[in-house]
Amino acid sequence: MRIYNTLTHRVEEFVPHNPDEVTMYTCGPTVYHFAHIGNLRTYIFEDIFEKSLNYLGYPVKRCMNITDVGHLSSDSDTGEDKMLKGAKREHKSVLEIADFYTKSFRTDFEKLNNRWPALVSPATQNIEEYIKIIERLLEKELAYIAGGNVYFDTSKLADYYVLTNHKEDEMVVGVRAGVEEDQNKRNQADFVLWFTKSKFDDQELKWDSPWGYGYPGWHIECSGISMKYLGEYLDIHCGGVDNIFPHHTNEIAQSEGFLGHKWCNYWVHGEHLNDQSGKMSKSKGEFLTVSLLEEKGYNPISYRFMCLNSHYRKQLVFSYEALDNATQAYQKLLNKVRALGTEEKEIGTEEYQEKFKNALADDLNTSLALTILYDVLKSNLEDAQKRFLVASFDKVLSLNLLVEEEKTLDGELEAYIHQKIEERNQAKKEKDYAKADNIRNELLEKGITIKDTRDGTTYEVK
RNA sequence: GGGUCCGUAGCCAAGUGGUAAGGCAUGGGACUGCAACUCCCUGAUCGCUGGUUCAAAUCCGGUCGGGCCCUCCA
């Protein structure tokens with residue numbers, strides 16, 4: 001498999017430490033509010049990545065954190081704490097907020113057919129890990145204490161900006177409004193590992209530490225959780241592009257400072273979903289959640305389809321036109337697949353399996369992978385072979401291509417529909433088309449769509 | 001100011017040197033009592049401009065337009 005590595009700025013051949021257990025860490029959400037579909041785009045990409053690795057023969061051990069504490073809106077100890085803000089907004093405790101939004105995140109995550117990682121760990125349950133790391137960093141003099149907080153000393157590293165081509169003296173501090181420089185820091189890029197003194201003394205969650213009662217900095221949690229669950233040699237670390245700097249840059253600094261050797265070989269980042277005006281955010285424009293799409297009558301999987309039609313490293317602009325487009329295409333695809341019958345036959349499908357694998361192995365070229373799916377449907381293969389391939393591809397695509405609509409109709413409704421269809425067919429025979437159309441409309445109003453096929457009349461219940 | 005990415009038909013989009021995949025929409029046709037579904041047909045010299053080359057959407061330069069990052073973010 002070839003994948004783009006942010007560390008080298010190139011597409012590279014993927015070589016894991018151990019092909020029998022690829023380790024993958026993906027940054028999770030801060031659970032202070034609902035996730036919007038832009039947030040979820042990254043998780044769709046990560047899911048496709050994980051499943052592609054599986055499809056290509058690599059078992060994956062994946063871990064994800066849940067940020068449920070002290071995520072300040074800046075490393076300078078300024079701005080607001082997201083969790084506290086969420087709690088205040090809803091008059092609940094931080095833990096209640098975390099619990100509620102973790103659950104709703106998981107619901108949305110799974111509605112998009114993302115596989116929930118086996119290892120998911122909240123930041124608040126790994127405090128001892130962070131303390132262990134910080135202690136070692138202090139011993140090695142890679143960290144220092146100032147103003148009651150523990151900071152990482154970025155000047156001790158030969159190359160702090162490994163992921164970006166930033167040059168420190170050319171960077172502008174406070175490009176964004178509301179960012180102030182923390183006077184305790186020795187270097188501009190230093191960041192907090194542990195807070196005891198903060199503008200946010202009303203922090204609800206605090207723990208004892210060698211440096212006093214306080215709470216961890218944001219970046220340390222991913223290093224701690226990752227090393228705790230996946231060991232000290234990580235194959236893949238994923239996240240959204242916005243995490244490249246400073247979050248992932250800082251993770252590398254502290255993890256490698258702690259370990260004393262290279263930590264993770266492949267850094268893979270997903271691009272953003274934008275709206276017409278640029279970056280999507282929770283505070284401006286329409287707050288696009290999975291639930292909102294559902295309220296508007298969209299199947300969340302249509303959104304997944306829309307994402308797969310694009311490339312994870314390309315910005316995608318959300319519009320209802322694009323989503324409608326995807327919805328239409330997805331429905332047509334389902335119709336075609338459902339006409340294939342139920343038998344599966346593997347023999348003779350190797351060529352297409354190979355093509356599909358090649359598309360995935362080429363830096364996750366999902367739109368090409370979808371094209372191969374269309375090629376299969378148009379090919380001269382037998383229906384059973386096509387069906388086998390669709391089933392196989394859907395292990396990665398996860399578009400519910402073979403999931404029949406499991407509408408459990410009660411017998412009464414079913415009998416009613418059959419009776420109406422019978423009446424309509426009778427009317428058609430007698431060329432009483434007005435009556436036939438009336439029956440069809442009557443059923444349609446109840447969400448039942450009639451289809452006349454060569455083998456008789458079928459129906460679909462919405 | 002620094003960094004980085006992108007610009008292919010109405011829309012989504014593949015293609016990184018050999019003469020433009022695929023999907024949706026549109027228009028036409030087959031099927032149907034009509035419709036839906038399905039099937040067939042239907043469209044672009046690749047932002048603009050120089051250059052390299054026998055050959056460029058693909059490489060190099062310039063230019064225009066747009067996104068993102070430079071301590072909230074997926």
# chains A, B, ... in the order shown; residues from 1 in each chain; ligands from 1

$ residues_around --residues "region 28-36 of chain B" --least-positions-apart "4" --cutoff "12 Å" --atoms "only C-alpha atoms (C1' of nucleotides)" --output "ChimeraX atom specification"
/A:425,427-437,440-441,444,448-454,457-460 /B:40-42

$ write_last_selection --atoms "N, CA, C and O atoms (P, O5', C5', C4', C3', O3' and C1' of nucleotides)" --output "tab-separated table (two decimals), in the first residue's frame"
chain	number	residue	atom	x	y	z
A	425	ASN	N	-54.16	-4.12	-10.15
A	425	ASN	CA	-53.94	-4.95	-11.33
A	425	ASN	C	-55.25	-5.30	-12.03
A	425	ASN	O	-55.32	-5.34	-13.26
A	427	ALA	N	-57.91	-3.42	-11.94
A	427	ALA	CA	-58.34	-2.18	-12.60
A	427	ALA	C	-57.60	-1.98	-13.91
A	427	ALA	O	-58.17	-1.54	-14.91
A	428	LYS	N	-56.29	-2.30	-13.88
A	428	LYS	CA	-55.50	-2.15	-15.10
A	428	LYS	C	-56.01	-3.08	-16.20
A	428	LYS	O	-56.07	-2.69	-17.37
A	429	LYS	N	-56.37	-4.28	-15.77
A	429	LYS	CA	-56.89	-5.24	-16.74
A	429	LYS	C	-58.15	-4.69	-17.40
A	429	LYS	O	-58.36	-4.82	-18.60
A	430	GLU	N	-58.96	-4.05	-16.57
A	430	GLU	CA	-60.22	-3.51	-17.08
A	430	GLU	C	-60.01	-2.13	-17.71
A	430	GLU	O	-60.97	-1.42	-18.02
A	431	LYS	N	-58.76	-1.73	-17.82
A	431	LYS	CA	-58.37	-0.44	-18.40
A	431	LYS	C	-59.00	0.74	-17.66
A	431	LYS	O	-59.25	1.79	-18.23
A	432	ASP	N	-59.25	0.53	-16.38
A	432	ASP	CA	-59.75	1.63	-15.55
A	432	ASP	C	-58.52	2.30	-14.92
A	432	ASP	O	-58.22	2.11	-13.75
A	433	TYR	N	-57.81	3.07	-15.74
A	433	TYR	CA	-56.53	3.61	-15.29
A	433	TYR	C	-56.68	4.68	-14.21
A	433	TYR	O	-55.79	4.87	-13.40
A	434	ALA	N	-57.80	5.35	-14.22
A	434	ALA	CA	-58.02	6.36	-13.18
A	434	ALA	C	-58.01	5.68	-11.82
A	434	ALA	O	-57.36	6.13	-10.88
A	435	LYS	N	-58.71	4.56	-11.74
A	435	LYS	CA	-58.77	3.83	-10.48
A	435	LYS	C	-57.38	3.28	-10.11
A	435	LYS	O	-56.95	3.37	-8.97
A	436	ALA	N	-56.70	2.76	-11.13
A	436	ALA	CA	-55.36	2.21	-10.89
A	436	ALA	C	-54.43	3.29	-10.34
A	436	ALA	O	-53.68	3.05	-9.39
A	437	ASP	N	-54.49	4.46	-10.92
A	437	ASP	CA	-53.63	5.55	-10.47
A	437	ASP	C	-54.01	6.02	-9.07
A	437	ASP	O	-53.15	6.39	-8.28
A	440	ARG	N	-52.47	3.70	-6.69
A	440	ARG	CA	-51.04	3.92	-6.60
A	440	ARG	C	-50.72	5.15	-5.74
A	440	ARG	O	-49.82	5.14	-4.90
A	441	ASN	N	-51.49	6.21	-5.95
A	441	ASN	CA	-51.28	7.42	-5.17
A	441	ASN	C	-51.61	7.22	-3.70
A	441	ASN	O	-50.92	7.75	-2.82
A	444	LEU	N	-48.76	5.55	-2.23
A	444	LEU	CA	-47.62	6.46	-2.19
A	444	LEU	C	-47.70	7.40	-1.01
A	444	LEU	O	-46.71	7.69	-0.34
A	448	ILE	N	-45.54	4.00	0.31
A	448	ILE	CA	-45.33	2.73	-0.38
A	448	ILE	C	-45.24	3.00	-1.88
A	448	ILE	O	-46.15	3.56	-2.48
A	449	THR	N	-44.10	2.64	-2.45
A	449	THR	CA	-43.89	2.89	-3.88
A	449	THR	C	-44.11	1.61	-4.68
A	449	THR	O	-43.57	0.56	-4.35
A	450	ILE	N	-44.92	1.76	-5.72
A	450	ILE	CA	-45.25	0.61	-6.57
A	450	ILE	C	-44.30	0.56	-7.76
A	450	ILE	O	-43.99	1.58	-8.35
A	451	LYS	N	-43.84	-0.62	-8.07
A	451	LYS	CA	-43.00	-0.79	-9.26
A	451	LYS	C	-43.54	-1.92	-10.10
A	451	LYS	O	-43.68	-3.05	-9.61
A	452	ASP	N	-43.83	-1.64	-11.36
A	452	ASP	CA	-44.26	-2.69	-12.28
A	452	ASP	C	-43.04	-3.25	-12.97
A	452	ASP	O	-42.35	-2.55	-13.70
A	453	THR	N	-42.77	-4.50	-12.74
A	453	THR	CA	-41.64	-5.12	-13.42
A	453	THR	C	-42.18	-6.22	-14.33
A	453	THR	O	-43.38	-6.51	-14.31
A	454	ARG	N	-41.29	-6.81	-15.09
A	454	ARG	CA	-41.73	-7.88	-15.99
A	454	ARG	C	-42.27	-9.07	-15.22
A	454	ARG	O	-43.10	-9.81	-15.71
A	457	THR	N	-45.78	-7.00	-10.06
A	457	THR	CA	-45.68	-5.75	-9.33
A	457	THR	C	-45.00	-5.95	-7.98
A	457	THR	O	-45.35	-6.87	-7.24
A	458	THR	N	-44.02	-5.09	-7.71
A	458	THR	CA	-43.38	-5.15	-6.40
A	458	THR	C	-43.59	-3.80	-5.72
A	458	THR	O	-44.10	-2.87	-6.33
A	459	TYR	N	-43.17	-3.72	-4.47
A	459	TYR	CA	-43.35	-2.46	-3.76
A	459	TYR	C	-42.19	-2.23	-2.81
A	459	TYR	O	-41.46	-3.16	-2.46
A	460	GLU	N	-42.04	-0.97	-2.45
A	460	GLU	CA	-41.02	-0.61	-1.47
A	460	GLU	C	-41.65	0.28	-0.42
A	460	GLU	O	-42.41	1.18	-0.75
B	40	C	P	-26.84	0.34	-20.73
B	40	C	O5'	-27.27	0.88	-22.15
B	40	C	C5'	-27.18	0.04	-23.30
B	40	C	C4'	-27.67	0.79	-24.51
B	40	C	C3'	-27.01	2.15	-24.73
B	40	C	O3'	-25.76	2.02	-25.37
B	40	C	C1'	-29.34	2.38	-24.96
B	41	C	P	-24.63	3.08	-25.10
B	41	C	O5'	-25.14	4.36	-25.90
B	41	C	C5'	-25.20	4.34	-27.32
B	41	C	C4'	-25.87	5.60	-27.81
B	41	C	C3'	-25.24	6.91	-27.35
B	41	C	O3'	-24.11	7.25	-28.12
B	41	C	C1'	-27.58	7.05	-27.08
B	42	U	P	-22.96	8.13	-27.47
B	42	U	O5'	-23.70	9.50	-27.16
B	42	U	C5'	-24.23	10.29	-28.24
B	42	U	C4'	-24.83	11.55	-27.67
B	42	U	C3'	-23.89	12.34	-26.76
B	42	U	O3'	-23.05	13.16	-27.56
B	42	U	C1'	-26.06	12.21	-25.78

$ interface_residues --of "chain B" --to "chain A" --cutoff "7 Å" --atoms "only C-alpha atoms (C1' of nucleotides)" --output "list in words"
G2, G3, C11, C12, A13, A14, G22, G23, C24, G33, A36, C37, G67, C70, U71, C72, C73 and A74 of chain B

$ write_last_selection --atoms "N, CA and C atoms (P, O5', C5', C4', C3', O3' and C1' of nucleotides)" --output "compact mmCIF listing (two decimals), in the first residue's frame"
# COMPACT_ATOMS: atom_id res chain seq x y z
P G B 2 6.89 36.40 2.25
O5' G B 2 6.91 35.15 3.24
C5' G B 2 8.09 34.81 3.94
C4' G B 2 7.81 33.63 4.83
C3' G B 2 7.26 32.40 4.15
O3' G B 2 8.26 31.63 3.50
C1' G B 2 6.00 32.82 6.09
P G B 3 7.86 30.78 2.17
O5' G B 3 6.96 29.62 2.79
C5' G B 3 7.52 28.68 3.69
C4' G B 3 6.43 27.79 4.23
C3' G B 3 5.65 26.98 3.22
O3' G B 3 6.36 25.84 2.78
C1' G B 3 4.16 27.91 4.78
P C B 11 -20.24 23.63 -12.68
O5' C B 11 -20.84 22.49 -11.75
C5' C B 11 -21.56 22.82 -10.56
C4' C B 11 -21.91 21.55 -9.83
C3' C B 11 -20.72 20.68 -9.45
O3' C B 11 -20.10 21.12 -8.27
C1' C B 11 -22.38 19.33 -10.43
P C B 12 -18.56 20.83 -8.07
O5' C B 12 -18.51 19.26 -7.80
C5' C B 12 -18.99 18.74 -6.56
C4' C B 12 -18.81 17.24 -6.56
C3' C B 12 -17.41 16.72 -6.85
O3' C B 12 -16.53 16.84 -5.75
C1' C B 12 -18.97 15.41 -8.02
P A B 13 -14.99 17.14 -6.06
O5' A B 13 -14.56 15.98 -7.07
C5' A B 13 -14.35 14.67 -6.58
C4' A B 13 -14.16 13.70 -7.72
C3' A B 13 -12.81 13.75 -8.42
O3' A B 13 -11.84 13.06 -7.64
C1' A B 13 -14.55 13.52 -10.02
P A B 14 -10.31 13.24 -7.95
O5' A B 14 -10.02 12.12 -9.04
C5' A B 14 -10.14 10.74 -8.67
C4' A B 14 -9.88 9.87 -9.86
C3' A B 14 -8.52 10.05 -10.52
O3' A B 14 -7.51 9.34 -9.81
C1' A B 14 -10.20 9.85 -12.16
P G B 22 -16.39 6.42 -19.30
O5' G B 22 -16.89 6.27 -17.80
C5' G B 22 -16.71 5.04 -17.11
C4' G B 22 -17.01 5.25 -15.65
C3' G B 22 -18.30 5.99 -15.37
O3' G B 22 -19.44 5.13 -15.48
C1' G B 22 -16.59 6.91 -14.05
P G B 23 -20.85 5.75 -15.87
O5' G B 23 -21.26 6.51 -14.54
C5' G B 23 -21.41 5.78 -13.33
C4' G B 23 -21.66 6.75 -12.21
C3' G B 23 -22.84 7.69 -12.41
O3' G B 23 -24.07 7.06 -12.13
C1' G B 23 -20.99 8.91 -11.63
P C B 24 -25.37 7.50 -12.88
O5' C B 24 -25.66 8.94 -12.26
C5' C B 24 -26.03 9.06 -10.89
C4' C B 24 -26.19 10.52 -10.55
C3' C B 24 -27.13 11.32 -11.43
O3' C B 24 -28.49 11.10 -11.10
C1' C B 24 -25.17 12.56 -11.08
P G B 33 -48.79 -1.39 -21.13
O5' G B 33 -49.29 0.10 -21.29
C5' G B 33 -50.05 0.48 -22.44
C4' G B 33 -50.83 1.71 -22.12
C3' G B 33 -50.02 2.84 -21.51
O3' G B 33 -49.41 3.60 -22.54
C1' G B 33 -51.97 2.52 -20.25
P A B 36 -40.93 8.65 -15.10
O5' A B 36 -40.71 7.72 -13.83
C5' A B 36 -40.77 8.27 -12.51
C4' A B 36 -40.66 7.16 -11.51
C3' A B 36 -39.44 6.26 -11.69
O3' A B 36 -38.30 6.82 -11.07
C1' A B 36 -41.37 4.93 -11.44
P C B 37 -36.88 6.66 -11.76
O5' C B 37 -36.62 5.09 -11.67
C5' C B 37 -36.50 4.47 -10.40
C4' C B 37 -36.42 2.98 -10.58
C3' C B 37 -35.37 2.50 -11.57
O3' C B 37 -34.08 2.47 -10.99
C1' C B 37 -37.39 1.36 -11.97
P G B 67 -10.99 32.10 -0.39
O5' G B 67 -10.61 30.64 0.12
C5' G B 67 -11.61 29.63 0.16
C4' G B 67 -10.97 28.33 0.54
C3' G B 67 -10.19 28.32 1.83
O3' G B 67 -11.04 28.24 2.95
C1' G B 67 -8.98 27.16 0.17
P C B 70 -3.52 27.69 12.82
O5' C B 70 -2.08 28.35 12.71
C5' C B 70 -0.94 27.62 13.15
C4' C B 70 0.28 28.47 12.98
C3' C B 70 0.16 29.88 13.51
O3' C B 70 0.26 29.92 14.92
C1' C B 70 1.21 29.93 11.43
P U B 71 -0.68 30.87 15.67
O5' U B 71 -1.80 29.78 15.83
C5' U B 71 -2.72 29.76 16.89
C4' U B 71 -2.39 28.60 17.81
C3' U B 71 -2.91 28.88 19.21
O3' U B 71 -4.03 28.01 19.37
C1' U B 71 -0.69 28.04 19.26
P C B 72 -5.42 28.43 19.07
O5' C B 72 -5.92 26.93 19.28
C5' C B 72 -6.31 26.51 20.57
C4' C B 72 -7.72 26.04 20.48
C3' C B 72 -7.96 24.93 19.50
O3' C B 72 -7.56 23.70 20.07
C1' C B 72 -9.69 26.53 19.38
P C B 73 -7.44 22.40 19.15
O5' C B 73 -8.95 21.96 19.09
C5' C B 73 -9.45 21.03 18.14
C4' C B 73 -10.49 21.69 17.28
C3' C B 73 -10.85 20.89 16.04
O3' C B 73 -12.18 20.44 16.21
C1' C B 73 -10.50 23.21 15.57
P A B 74 -12.43 18.95 16.79
O5' A B 74 -12.33 18.01 15.52
C5' A B 74 -11.89 16.68 15.69
C4' A B 74 -11.30 16.24 14.35
C3' A B 74 -10.11 17.10 13.98
O3' A B 74 -8.89 16.48 14.36
C1' A B 74 -11.68 16.99 12.18

$ closest_residue --among "B:G18, B:C6, B:U26, B:C68" --to "C54 (chain B)" --atoms "only C-alpha atoms (C1' of nucleotides)"
B:G18

$ residues_around --residues "Pro122 (chain A)" --least-positions-apart "5" --cutoff "12 Å" --atoms "only C-alpha atoms (C1' of nucleotides)" --output "JSON, numbers by chain"
{"A": [27, 28, 29, 30, 31, 63, 64, 65, 66, 67, 68, 69, 95, 98, 99, 102, 127, 221, 222, 224, 225, 226]}

$ write_last_selection --atoms "N, CA, C and O atoms" --output "PDB file, in the first residue's frame"
ATOM      1  N   CYS A  27      -6.758  10.517  16.382  1.00  0.00           N
ATOM      2  CA  CYS A  27      -7.209  11.503  17.349  1.00  0.00           C
ATOM      3  C   CYS A  27      -8.731  11.558  17.392  1.00  0.00           C
ATOM      4  O   CYS A  27      -9.387  11.644  16.352  1.00  0.00           O
ATOM      5  N   GLY A  28      -9.256  11.505  18.585  1.00  0.00           N
ATOM      6  CA  GLY A  28     -10.707  11.484  18.747  1.00  0.00           C
ATOM      7  C   GLY A  28     -11.274  12.873  18.996  1.00  0.00           C
ATOM      8  O   GLY A  28     -10.557  13.867  18.943  1.00  0.00           O
ATOM      9  N   PRO A  29     -12.552  12.920  19.290  1.00  0.00           N
ATOM     10  CA  PRO A  29     -13.231  14.207  19.431  1.00  0.00           C
ATOM     11  C   PRO A  29     -13.090  14.807  20.832  1.00  0.00           C
ATOM     12  O   PRO A  29     -12.819  14.104  21.794  1.00  0.00           O
ATOM     13  N   THR A  30     -13.259  16.123  20.911  1.00  0.00           N
ATOM     14  CA  THR A  30     -13.462  16.771  22.194  1.00  0.00           C
ATOM     15  C   THR A  30     -14.970  16.810  22.385  1.00  0.00           C
ATOM     16  O   THR A  30     -15.687  17.378  21.559  1.00  0.00           O
ATOM     17  N   VAL A  31     -15.420  16.163  23.439  1.00  0.00           N
ATOM     18  CA  VAL A  31     -16.864  15.934  23.564  1.00  0.00           C
ATOM     19  C   VAL A  31     -17.566  17.052  24.341  1.00  0.00           C
ATOM     20  O   VAL A  31     -18.067  16.835  25.442  1.00  0.00           O
ATOM     21  N   CYS A  63      -6.503   2.585  18.067  1.00  0.00           N
ATOM     22  CA  CYS A  63      -6.867   3.211  19.325  1.00  0.00           C
ATOM     23  C   CYS A  63      -7.289   4.659  19.089  1.00  0.00           C
ATOM     24  O   CYS A  63      -6.757   5.335  18.218  1.00  0.00           O
ATOM     25  N   MET A  64      -8.265   5.094  19.843  1.00  0.00           N
ATOM     26  CA  MET A  64      -8.734   6.486  19.726  1.00  0.00           C
ATOM     27  C   MET A  64      -9.013   7.054  21.117  1.00  0.00           C
ATOM     28  O   MET A  64      -9.493   6.353  21.996  1.00  0.00           O
ATOM     29  N   ASN A  65      -8.695   8.328  21.283  1.00  0.00           N
ATOM     30  CA  ASN A  65      -8.961   8.979  22.571  1.00  0.00           C
ATOM     31  C   ASN A  65     -10.285   9.731  22.523  1.00  0.00           C
ATOM     32  O   ASN A  65     -10.803  10.037  21.452  1.00  0.00           O
ATOM     33  N   ILE A  66     -10.799  10.013  23.685  1.00  0.00           N
ATOM     34  CA  ILE A  66     -11.930  10.926  23.807  1.00  0.00           C
ATOM     35  C   ILE A  66     -11.443  12.056  24.709  1.00  0.00           C
ATOM     36  O   ILE A  66     -11.075  11.812  25.861  1.00  0.00           O
ATOM     37  N   THR A  67     -11.422  13.262  24.215  1.00  0.00           N
ATOM     38  CA  THR A  67     -10.959  14.378  25.027  1.00  0.00           C
ATOM     39  C   THR A  67     -12.106  14.885  25.887  1.00  0.00           C
ATOM     40  O   THR A  67     -13.068  15.457  25.381  1.00  0.00           O
ATOM     41  N   ASP A  68     -11.988  14.631  27.173  1.00  0.00           N
ATOM     42  CA  ASP A  68     -13.079  14.997  28.066  1.00  0.00           C
ATOM     43  C   ASP A  68     -12.598  15.882  29.213  1.00  0.00           C
ATOM     44  O   ASP A  68     -13.236  15.977  30.250  1.00  0.00           O
ATOM     45  N   VAL A  69     -11.442  16.511  29.007  1.00  0.00           N
ATOM     46  CA  VAL A  69     -10.966  17.399  30.061  1.00  0.00           C
ATOM     47  C   VAL A  69     -10.080  18.498  29.499  1.00  0.00           C
ATOM     48  O   VAL A  69      -9.363  18.302  28.514  1.00  0.00           O
ATOM     49  N   LEU A  95     -18.543  16.069  33.552  1.00  0.00           N
ATOM     50  CA  LEU A  95     -18.654  14.639  33.286  1.00  0.00           C
ATOM     51  C   LEU A  95     -19.954  14.274  32.585  1.00  0.00           C
ATOM     52  O   LEU A  95     -19.986  13.404  31.726  1.00  0.00           O
ATOM     53  N   ALA A  98     -19.537  15.283  29.009  1.00  0.00           N
ATOM     54  CA  ALA A  98     -18.661  14.340  28.315  1.00  0.00           C
ATOM     55  C   ALA A  98     -19.409  13.052  27.988  1.00  0.00           C
ATOM     56  O   ALA A  98     -19.327  12.529  26.879  1.00  0.00           O
ATOM     57  N   ASP A  99     -20.155  12.583  28.953  1.00  0.00           N
ATOM     58  CA  ASP A  99     -20.872  11.330  28.768  1.00  0.00           C
ATOM     59  C   ASP A  99     -21.917  11.456  27.665  1.00  0.00           C
ATOM     60  O   ASP A  99     -22.006  10.629  26.764  1.00  0.00           O
ATOM     61  N   THR A 102     -20.210  11.982  24.214  1.00  0.00           N
ATOM     62  CA  THR A 102     -19.491  10.796  23.764  1.00  0.00           C
ATOM     63  C   THR A 102     -20.484   9.834  23.138  1.00  0.00           C
ATOM     64  O   THR A 102     -20.249   9.267  22.077  1.00  0.00           O
ATOM     65  N   ILE A 127      -4.446   9.512  33.619  1.00  0.00           N
ATOM     66  CA  ILE A 127      -3.657  10.576  34.231  1.00  0.00           C
ATOM     67  C   ILE A 127      -2.256  10.089  34.638  1.00  0.00           C
ATOM     68  O   ILE A 127      -1.260  10.785  34.433  1.00  0.00           O
ATOM     69  N   GLU A 221      -2.302  13.997  26.265  1.00  0.00           N
ATOM     70  CA  GLU A 221      -3.208  12.849  26.344  1.00  0.00           C
ATOM     71  C   GLU A 221      -3.016  11.875  25.187  1.00  0.00           C
ATOM     72  O   GLU A 221      -3.043  10.663  25.370  1.00  0.00           O
ATOM     73  N   CYS A 222      -2.812  12.409  23.979  1.00  0.00           N
ATOM     74  CA  CYS A 222      -2.668  11.505  22.832  1.00  0.00           C
ATOM     75  C   CYS A 222      -1.366  10.712  22.922  1.00  0.00           C
ATOM     76  O   CYS A 222      -1.325   9.535  22.594  1.00  0.00           O
ATOM     77  N   GLY A 224       0.169   9.914  25.717  1.00  0.00           N
ATOM     78  CA  GLY A 224       0.002   8.963  26.815  1.00  0.00           C
ATOM     79  C   GLY A 224      -0.870   7.779  26.431  1.00  0.00           C
ATOM     80  O   GLY A 224      -0.503   6.621  26.656  1.00  0.00           O
ATOM     81  N   ILE A 225      -2.004   8.065  25.860  1.00  0.00           N
ATOM     82  CA  ILE A 225      -2.941   6.992  25.511  1.00  0.00           C
ATOM     83  C   ILE A 225      -2.347   6.105  24.420  1.00  0.00           C
ATOM     84  O   ILE A 225      -2.419   4.873  24.486  1.00  0.00           O
ATOM     85  N   SER A 226      -1.744   6.750  23.442  1.00  0.00           N
ATOM     86  CA  SER A 226      -1.172   5.976  22.347  1.00  0.00           C
ATOM     87  C   SER A 226      -0.097   5.011  22.837  1.00  0.00           C
ATOM     88  O   SER A 226      -0.104   3.823  22.523  1.00  0.00           O
TER      89      SER A 226
END

$ select_by_dssp --residues "region 48-156 of chain A" --states "alpha helix (DSSP H)" --output "PyMOL selection string"
chain A and resi 48-55+82-90+94-111+127-139

$ residues_around --residues "Glu129 (chain A)" --least-positions-apart "3" --cutoff "9 Å" --atoms "only C-alpha atoms (C1' of nucleotides)" --output "ChimeraX atom specification"
/A:126,132-134,221,223-225,227-228

$ write_last_selection --atoms "N, CA and C atoms" --output "tab-separated table (two decimals), in the first residue's frame"
chain	number	residue	atom	x	y	z
A	126	ASN	N	-6.36	8.24	32.14
A	126	ASN	CA	-4.97	7.86	31.93
A	126	ASN	C	-4.00	8.87	32.55
A	132	LYS	N	3.79	10.12	34.34
A	132	LYS	CA	5.01	9.34	34.08
A	132	LYS	C	5.84	10.00	32.97
A	133	ILE	N	5.17	10.40	31.92
A	133	ILE	CA	5.87	11.02	30.79
A	133	ILE	C	6.49	12.36	31.20
A	134	ILE	N	5.68	13.15	31.89
A	134	ILE	CA	6.16	14.49	32.28
A	134	ILE	C	7.35	14.39	33.23
A	221	GLU	N	-2.30	14.00	26.26
A	221	GLU	CA	-3.21	12.85	26.34
A	221	GLU	C	-3.02	11.87	25.19
A	223	SER	N	-0.30	11.37	23.38
A	223	SER	CA	0.96	10.65	23.56
A	223	SER	C	0.78	9.54	24.60
A	224	GLY	N	0.17	9.91	25.72
A	224	GLY	CA	0.00	8.96	26.82
A	224	GLY	C	-0.87	7.78	26.43
A	225	ILE	N	-2.00	8.06	25.86
A	225	ILE	CA	-2.94	6.99	25.51
A	225	ILE	C	-2.35	6.11	24.42
A	227	MET	N	0.84	5.52	23.63
A	227	MET	CA	1.93	4.66	24.09
A	227	MET	C	1.44	3.59	25.06
A	228	LYS	N	0.42	3.94	25.83
A	228	LYS	CA	-0.12	2.96	26.79
A	228	LYS	C	-0.74	1.77	26.06

$ select_by_dssp --residues "region 134-180 of chain A" --states "strand (DSSP E or B)" --output "JSON, numbers by chain"
{"A": [143, 144, 145, 146, 149, 150, 151, 152]}

$ closest_residue --among "A:Glu50, A:Glu135, A:Glu346, A:Glu354" --to "Tyr25 (chain A)" --atoms "only C-alpha atoms"
A:Glu50
